[in-house]
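Note sheet for the following structure.
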Amino acid sequence: MMLTREDNERITLVGSGTPMGEVFRRYWIPAVLSEELPEPDCPPVRVKLLGENLVAFRNSNGQVGLLDRYCPHRRVELFWGRNEECGLRCVYHGWKFDVKGNCVDMPNEPAESNFKNKVKIKSYPVHEAGGVVWTYMGPESEIPPLPDYEWVRAPETHRFISKTYQESNWLQALEGGIDTSHSSFAHNNNIADKNMLRNRATAPKLEVVKTPYGYNYAGIRDLGEEGNYVRAYQFVMPFQQMRGQMCKWTDGSREEYPTVRGHMWVPIDDYNTYVYNFMYSADPSVPLPHEFVMEQEKYFGRGPDDYIPGSGYRLKRNRTNDYLIDREVQRTKTFTGIEGINTQDMAFQENMDGAIVDRTIERLGTADAAIIAARHLLIEATREVQNGNKPRGVDSQTYNRIRGCDKILPKGVDWKEALKEEMTALY
């Protein structure tokens with residue numbers, strides 16, 4: 001689906017009043033990780049979301065507020081504020097705001113003044129679940145049910161979530177994540193191993209099935225007499241993908257720690273994105289050991305030592321140093337020479353043709369079926385919102401019982417029927 005310039009802008013730009021920006025403002029979306037506000041009265045955190053400058057803080061009772069970043073008095077940054085006694089106090093003149101944006105103290109005004117009762121700062125509702133502080137930025141009359149993904153319901157012992165900063169438009173990040181066939185190339189970290197499932201069949205057949213929440217899709221790889229390796233994914237509007245990693249890629253046997261994994265690509269603004277990366281145990285009886293989680297995070301390029309300290313989740317391997325590409329490793333061992341699965345993705349997505357890719361000159365093929373389907377749904381969503389209707393996936397009842405999975409199936413078996421139970425939530 002080669003997009004027109006108008007449709008490309010329609011689904012990439014996210015500021016207030018833009019078609020896609022209004023779509024995002026109909027969903028609960030991540031604002032920060034809970035770990036960014038670790039305790040009551042901790043320092044506030046700058047947040048930029050859909051182009052809006054905000055500030056988040058956790059009050060004395062543990063509640064989170066998400067406010068306009070600037071004090072309505074003289075527009076000083078509330079990031080510098082004192083977080084104290086259930087409110088964030090501007091340090092310029094002492095005005096203090098609660099988590100709902102109400103001005104609760106105005107010490108530079110006379111005691112008899114009621115001016116504070118007339119002042120309110122912009123605030124957005126929040127909901128904390130799954131290690132994430134979620135927010136809703138749309139019309140109050142359209143607020144949807146709270147986020148209820150399976151990974152959010154999984155206990156803390158069975159799940160993990162992390163976050164990385166990416167210098168690209170949100171859509172080229174998402175499209176890289178839902179692209180199935182590139183893993184045989186971009187993520188081939190052992191070019192000498194011809195037995196990896198995705199290396200044995202580098203041109204998977206893609207099948208996409210639209211649903212009330214978005215679509216599910218499968219990459220089907222022909223393994224000859226052994227059958228088909230099927231990896232089934234979920235795309236949940238407007239920005240989430242989930243997939244199964246229950247089979248070992250070497251031989252298809254069950255992983256010691258079978259997992260469901262995924263990403264949410266959350267626009268900071270038109271040119272930058274936060275990628276939220278979640279992983280949870282596919283089996284409620286199998287918690288995820290910390291050592292396993294850290295090993296996986298390092299493999300994907302976002303282990304604790306991969307971040308620049310205090311940088312807002314930016315990675316040490318980034319575009320300023322060409323992601324520390326090692327050409328000798330590329331020549332002899334891996335396809336890219338870049339360490340970290342998701343760092344490889346970032347390298348491609350941050351350095352495409354233009355800050356926002358010109359999709360009018362692309363040449364898409366059959367391997368791009370999931371990308372084409374996502375574009376159709378995003379354009380559909382912008383039109384639904386403009387017509388006063390609800391887009392797909394705002395109702396948690398449409399997605400709260402789904403998950404991804406992978407399995408080797410006999411030839412001729414319909415994956416949709418064969419994997420129906422395995423694609424149904426257990427939490």
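Note on naming: chains are A, B, ... as they come in the structure tokens, residues start from 1 per chain, ligands start from 1 in the order shown.
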Which neighbours of A:Pro304 fall inside 10 Å, counting only C-alpha atoms, when residues of the same chain fewer than 5 positions from it are skipped, and could you give them as a list in words? Met294, Glu297, Lys298, Pro309 and Leu315 of chain A
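Those residues that approach A:Ala374 to within 10 Å, counting only C-alpha atoms, are Leu171, Leu174, Glu175, Ile178, Lys210, Gly214, Tyr215, Phe235, Val236, Met237, Pro238, Phe239, Ala369, Ala370, Ile371, Leu377, Leu378, Ile379 and Glu380 of chain A; same-chain residues fewer than 3 positions away are not listed.
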Just the selected residues (N, CA and C atoms), exported as a PDB file, in the first residue's frame, please.
ATOM      1  N   LEU A 171       5.569   5.802  13.554  1.00  0.00           N
ATOM      2  CA  LEU A 171       5.054   4.815  12.619  1.00  0.00           C
ATOM      3  C   LEU A 171       6.161   3.975  12.006  1.00  0.00           C
ATOM      4  N   LEU A 174       6.902   1.409  14.614  1.00  0.00           N
ATOM      5  CA  LEU A 174       5.872   0.364  14.662  1.00  0.00           C
ATOM      6  C   LEU A 174       5.966  -0.556  13.455  1.00  0.00           C
ATOM      7  N   GLU A 175       6.126   0.009  12.272  1.00  0.00           N
ATOM      8  CA  GLU A 175       6.164  -0.819  11.068  1.00  0.00           C
ATOM      9  C   GLU A 175       7.359  -1.766  11.078  1.00  0.00           C
ATOM     10  N   ILE A 178       6.270  -4.793  13.352  1.00  0.00           N
ATOM     11  CA  ILE A 178       5.296  -5.761  12.845  1.00  0.00           C
ATOM     12  C   ILE A 178       5.750  -6.412  11.541  1.00  0.00           C
ATOM     13  N   LYS A 210      -8.360  -9.545  10.207  1.00  0.00           N
ATOM     14  CA  LYS A 210      -8.821  -8.368  10.942  1.00  0.00           C
ATOM     15  C   LYS A 210      -9.745  -8.777  12.085  1.00  0.00           C
ATOM     16  N   GLY A 214      -7.993  -4.904  16.106  1.00  0.00           N
ATOM     17  CA  GLY A 214      -6.921  -4.652  15.152  1.00  0.00           C
ATOM     18  C   GLY A 214      -6.827  -5.806  14.189  1.00  0.00           C
ATOM     19  N   TYR A 215      -5.826  -6.680  14.377  1.00  0.00           N
ATOM     20  CA  TYR A 215      -5.766  -7.924  13.604  1.00  0.00           C
ATOM     21  C   TYR A 215      -4.813  -8.897  14.284  1.00  0.00           C
ATOM     22  N   PHE A 235      -1.807  -7.549  16.632  1.00  0.00           N
ATOM     23  CA  PHE A 235      -1.637  -6.103  16.528  1.00  0.00           C
ATOM     24  C   PHE A 235      -2.868  -5.467  17.142  1.00  0.00           C
ATOM     25  N   VAL A 236      -2.658  -4.743  18.254  1.00  0.00           N
ATOM     26  CA  VAL A 236      -3.757  -4.116  18.984  1.00  0.00           C
ATOM     27  C   VAL A 236      -3.669  -2.611  18.761  1.00  0.00           C
ATOM     28  N   MET A 237      -4.717  -2.062  18.213  1.00  0.00           N
ATOM     29  CA  MET A 237      -4.740  -0.637  17.925  1.00  0.00           C
ATOM     30  C   MET A 237      -4.512   0.173  19.205  1.00  0.00           C
ATOM     31  N   PRO A 238      -3.817   1.340  19.056  1.00  0.00           N
ATOM     32  CA  PRO A 238      -3.223   1.828  17.818  1.00  0.00           C
ATOM     33  C   PRO A 238      -1.731   1.558  17.690  1.00  0.00           C
ATOM     34  N   PHE A 239      -1.093   0.916  18.713  1.00  0.00           N
ATOM     35  CA  PHE A 239       0.379   0.944  18.734  1.00  0.00           C
ATOM     36  C   PHE A 239       1.035  -0.279  19.346  1.00  0.00           C
ATOM     37  N   ALA A 369       2.491  -7.597   4.182  1.00  0.00           N
ATOM     38  CA  ALA A 369       1.038  -7.652   4.371  1.00  0.00           C
ATOM     39  C   ALA A 369       0.612  -7.054   5.705  1.00  0.00           C
ATOM     40  N   ALA A 370       1.377  -7.306   6.779  1.00  0.00           N
ATOM     41  CA  ALA A 370       1.002  -6.771   8.089  1.00  0.00           C
ATOM     42  C   ALA A 370       1.128  -5.254   8.130  1.00  0.00           C
ATOM     43  N   ILE A 371       2.132  -4.723   7.466  1.00  0.00           N
ATOM     44  CA  ILE A 371       2.312  -3.271   7.408  1.00  0.00           C
ATOM     45  C   ILE A 371       1.169  -2.627   6.629  1.00  0.00           C
ATOM     46  N   LEU A 377      -5.893   0.165   8.819  1.00  0.00           N
ATOM     47  CA  LEU A 377      -6.615   0.340  10.076  1.00  0.00           C
ATOM     48  C   LEU A 377      -6.377   1.716  10.681  1.00  0.00           C
ATOM     49  N   LEU A 378      -5.177   2.242  10.557  1.00  0.00           N
ATOM     50  CA  LEU A 378      -4.889   3.564  11.103  1.00  0.00           C
ATOM     51  C   LEU A 378      -5.647   4.646  10.340  1.00  0.00           C
ATOM     52  N   ILE A 379      -5.669   4.534   9.026  1.00  0.00           N
ATOM     53  CA  ILE A 379      -6.448   5.493   8.232  1.00  0.00           C
ATOM     54  C   ILE A 379      -7.932   5.373   8.574  1.00  0.00           C
ATOM     55  N   GLU A 380      -8.413   4.146   8.693  1.00  0.00           N
ATOM     56  CA  GLU A 380      -9.797   3.917   9.093  1.00  0.00           C
ATOM     57  C   GLU A 380     -10.084   4.585  10.430  1.00  0.00           C
TER      58      GLU A 380
END
Please provide the set of residues having any atom within 10 Å of stretch 68-76 of chain A, restricted to only C-alpha atoms, with same-chain residues fewer than 2 positions apart removed, written as a PyMOL selection string. chain A and resi 45-48+52-56+66+78-81+89-93+95-97+101+103+119-124
Please list as a short mmCIF file (atom, residue, chain, number, x, y, z; two decimals) with N, CA, C and O atoms, in the first residue's frame every residue within 9 Å of stretch 318-330 of chain A, counting only C-alpha atoms and excluding residues in the same chain fewer than 5 positions away.
data_model
loop_
_atom_site.label_atom_id
_atom_site.label_comp_id
_atom_site.auth_asym_id
_atom_site.auth_seq_id
_atom_site.Cartn_x
_atom_site.Cartn_y
_atom_site.Cartn_z
N GLU A 167 14.89 7.95 18.18
CA GLU A 167 14.81 9.19 17.40
C GLU A 167 14.21 8.91 16.02
O GLU A 167 14.90 8.96 15.00
N PHE A 335 24.75 -10.51 10.60
CA PHE A 335 24.33 -9.83 9.37
C PHE A 335 24.61 -8.33 9.44
O PHE A 335 24.92 -7.71 8.43
N THR A 336 24.50 -7.74 10.63
CA THR A 336 24.59 -6.28 10.74
C THR A 336 25.89 -5.78 11.37
O THR A 336 26.28 -4.64 11.11
N GLY A 337 26.50 -6.58 12.25
CA GLY A 337 27.65 -6.07 13.00
C GLY A 337 27.25 -5.17 14.15
O GLY A 337 28.12 -4.56 14.78
N ILE A 338 25.95 -5.06 14.41
CA ILE A 338 25.45 -4.24 15.51
C ILE A 338 24.95 -5.16 16.61
O ILE A 338 24.21 -6.11 16.35
N GLU A 339 25.33 -4.88 17.84
CA GLU A 339 24.95 -5.71 18.97
C GLU A 339 23.58 -5.29 19.50
O GLU A 339 23.31 -4.11 19.69
N THR A 343 18.44 -2.86 19.07
CA THR A 343 19.35 -1.81 18.62
C THR A 343 19.51 -1.87 17.11
O THR A 343 19.63 -0.83 16.44
N GLN A 344 19.51 -3.07 16.55
CA GLN A 344 19.54 -3.22 15.10
C GLN A 344 18.31 -2.56 14.48
O GLN A 344 18.41 -1.80 13.50
N MET A 346 16.53 -0.18 15.73
CA MET A 346 16.65 1.27 15.91
C MET A 346 17.56 1.89 14.86
O MET A 346 17.28 2.97 14.32
N ALA A 347 18.65 1.19 14.56
CA ALA A 347 19.59 1.73 13.57
C ALA A 347 18.91 1.93 12.22
O ALA A 347 19.14 2.95 11.54
N GLU A 350 15.87 4.77 12.61
CA GLU A 350 16.29 6.15 12.86
C GLU A 350 16.99 6.76 11.65
O GLU A 350 17.19 7.98 11.63
N ASN A 351 17.38 5.94 10.70
CA ASN A 351 18.19 6.44 9.59
C ASN A 351 17.55 6.15 8.24
O ASN A 351 18.24 5.95 7.24
#
At a cut-off of 10 Å, using only C-alpha atoms, what residues contact A:Glu142? Leave out same-chain residues fewer than 6 positions from it and give the result as an NGL selection string. :A and (25-27 or 136 or 388-390 or 394)
What would the file look like if the residues just selected were written as an mmCIF file, in the first residue's frame with N, CA, C and O atoms?
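Saved file out-v5.cif follows:
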data_model
loop_
_atom_site.group_PDB
_atom_site.id
_atom_site.type_symbol
_atom_site.label_atom_id
_atom_site.label_comp_id
_atom_site.auth_asym_id
_atom_site.auth_seq_id
_atom_site.Cartn_x
_atom_site.Cartn_y
_atom_site.Cartn_z
ATOM 1 N N ARG A 25 -5.600 10.101 21.233
ATOM 2 C CA ARG A 25 -6.281 10.691 22.377
ATOM 3 C C ARG A 25 -7.623 10.025 22.681
ATOM 4 O O ARG A 25 -8.372 10.511 23.522
ATOM 5 N N ARG A 26 -7.900 8.898 22.063
ATOM 6 C CA ARG A 26 -9.087 8.099 22.411
ATOM 7 C C ARG A 26 -8.719 6.838 23.191
ATOM 8 O O ARG A 26 -9.603 6.073 23.563
ATOM 9 N N TYR A 27 -7.413 6.622 23.408
ATOM 10 C CA TYR A 27 -6.941 5.412 24.082
ATOM 11 C C TYR A 27 -6.198 5.777 25.363
ATOM 12 O O TYR A 27 -5.677 6.888 25.505
ATOM 13 N N TYR A 136 -5.015 9.163 29.834
ATOM 14 C CA TYR A 136 -5.994 9.372 28.766
ATOM 15 C C TYR A 136 -6.036 10.868 28.497
ATOM 16 O O TYR A 136 -6.271 11.663 29.413
ATOM 17 N N GLY A 388 -17.000 11.009 14.580
ATOM 18 C CA GLY A 388 -17.619 10.895 15.892
ATOM 19 C C GLY A 388 -17.814 9.474 16.376
ATOM 20 O O GLY A 388 -18.572 9.245 17.331
ATOM 21 N N ASN A 389 -17.124 8.512 15.756
ATOM 22 C CA ASN A 389 -17.263 7.106 16.141
ATOM 23 C C ASN A 389 -16.042 6.636 16.929
ATOM 24 O O ASN A 389 -14.994 7.280 16.926
ATOM 25 N N LYS A 390 -16.157 5.486 17.570
ATOM 26 C CA LYS A 390 -15.055 4.904 18.316
ATOM 27 C C LYS A 390 -14.184 4.060 17.382
ATOM 28 O O LYS A 390 -14.711 3.249 16.622
ATOM 29 N N VAL A 394 -10.627 0.360 21.443
ATOM 30 C CA VAL A 394 -10.752 1.191 22.641
ATOM 31 C C VAL A 394 -11.439 0.422 23.765
ATOM 32 O O VAL A 394 -11.242 0.737 24.944
#
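Counting only C-alpha atoms, A:Asp283 has the following residues at most 9 Å away, ignoring those fewer than 5 positions along the same chain: His158, Tyr257, Pro258, Thr259, Leu426 and Tyr427 of chain A.
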With C-alpha atoms retained, could you export that selection as a PDB file, in the first residue's frame?
ATOM      1  CA  HIS A 158       5.854 -13.187  35.939  1.00  0.00           C
ATOM      2  CA  TYR A 257      10.786 -20.055  30.160  1.00  0.00           C
ATOM      3  CA  PRO A 258       8.088 -19.720  27.498  1.00  0.00           C
ATOM      4  CA  THR A 259       7.071 -16.089  27.102  1.00  0.00           C
ATOM      5  CA  LEU A 426      -4.434 -17.726  30.748  1.00  0.00           C
ATOM      6  CA  TYR A 427      -4.244 -14.862  33.289  1.00  0.00           C
TER       7      TYR A 427
END
Secondary structure check, alpha helix (DSSP H) residues of stretch 58-279 of chain A, as a PyMOL selection string: chain A and resi 150-153+170-177+197-200
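Our summary of the geometry notes that atom CA of A:Asn216 is positioned 12.4 Å from atom CA of A:Thr398.
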Point out the residue among A:Ala154, A:Val99, A:Val23, A:Ala31 with the least atom-to-atom distance to A:Val133, counting only C-alpha atoms.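 The answer is A:Ala31, which sits nearest to A:Val133.
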Can you list, as a PyMOL selection string, every protein, DNA or RNA residue that comes within 9 Å of A:Tyr276 when you count only C-alpha atoms, leaving out same-chain residues fewer than 4 positions away? chain A and resi 30+33+161-164+262-266
Interatomic distance, atom CA of A:Ala201 to atom CA of A:Thr366 (Å, one decimal):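 Computing it gives 15.2 Å between the two atoms.
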Top pick for closest residue to A:Val413, considering A:Gly130, A:Gly227, A:Gly17, A:Pro391 and counting only C-alpha atoms: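 Of all the options, A:Gly227 lies closest to A:Val413.
Proximity to A:Asp414 was assessed for A:Gln245, A:Ser396, A:Asn228, A:Ser168 counting only C-alpha atoms; the smallest distance is recorded for A:Asn228.
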I'd like to know which of A:Leu13, A:Phe292, A:Trp415, A:Pro284 is closest to A:Glu150, using only C-alpha atoms.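 Ranking A:Leu13, A:Phe292, A:Trp415, A:Pro284 by distance to A:Glu150, first place goes to A:Pro284.
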Selected residue of minimal separation from A:Val357 among A:Arg314, A:Trp170, A:Thr334, A:Glu22, counting only C-alpha atoms: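 Of A:Arg314, A:Trp170, A:Thr334, A:Glu22, the one nearest A:Val357 is A:Trp170, counting only C-alpha atoms.
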Using only C-alpha atoms, pick whichever of A:Arg359, A:His376, A:Arg331, A:Arg261 has the shortest atom-to-atom distance to A:Tyr149.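 Closest residue, counting only C-alpha atoms: A:Arg261.
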Test item, strand (DSSP E) assignment across stretch 116-302 of chain A, answer as a VMD selection string: chain A and resid 123 to 124 126 to 129 132 to 136 159 to 166 205 to 210 214 to 222 228 to 236 240 to 247 254 to 267 273 to 281
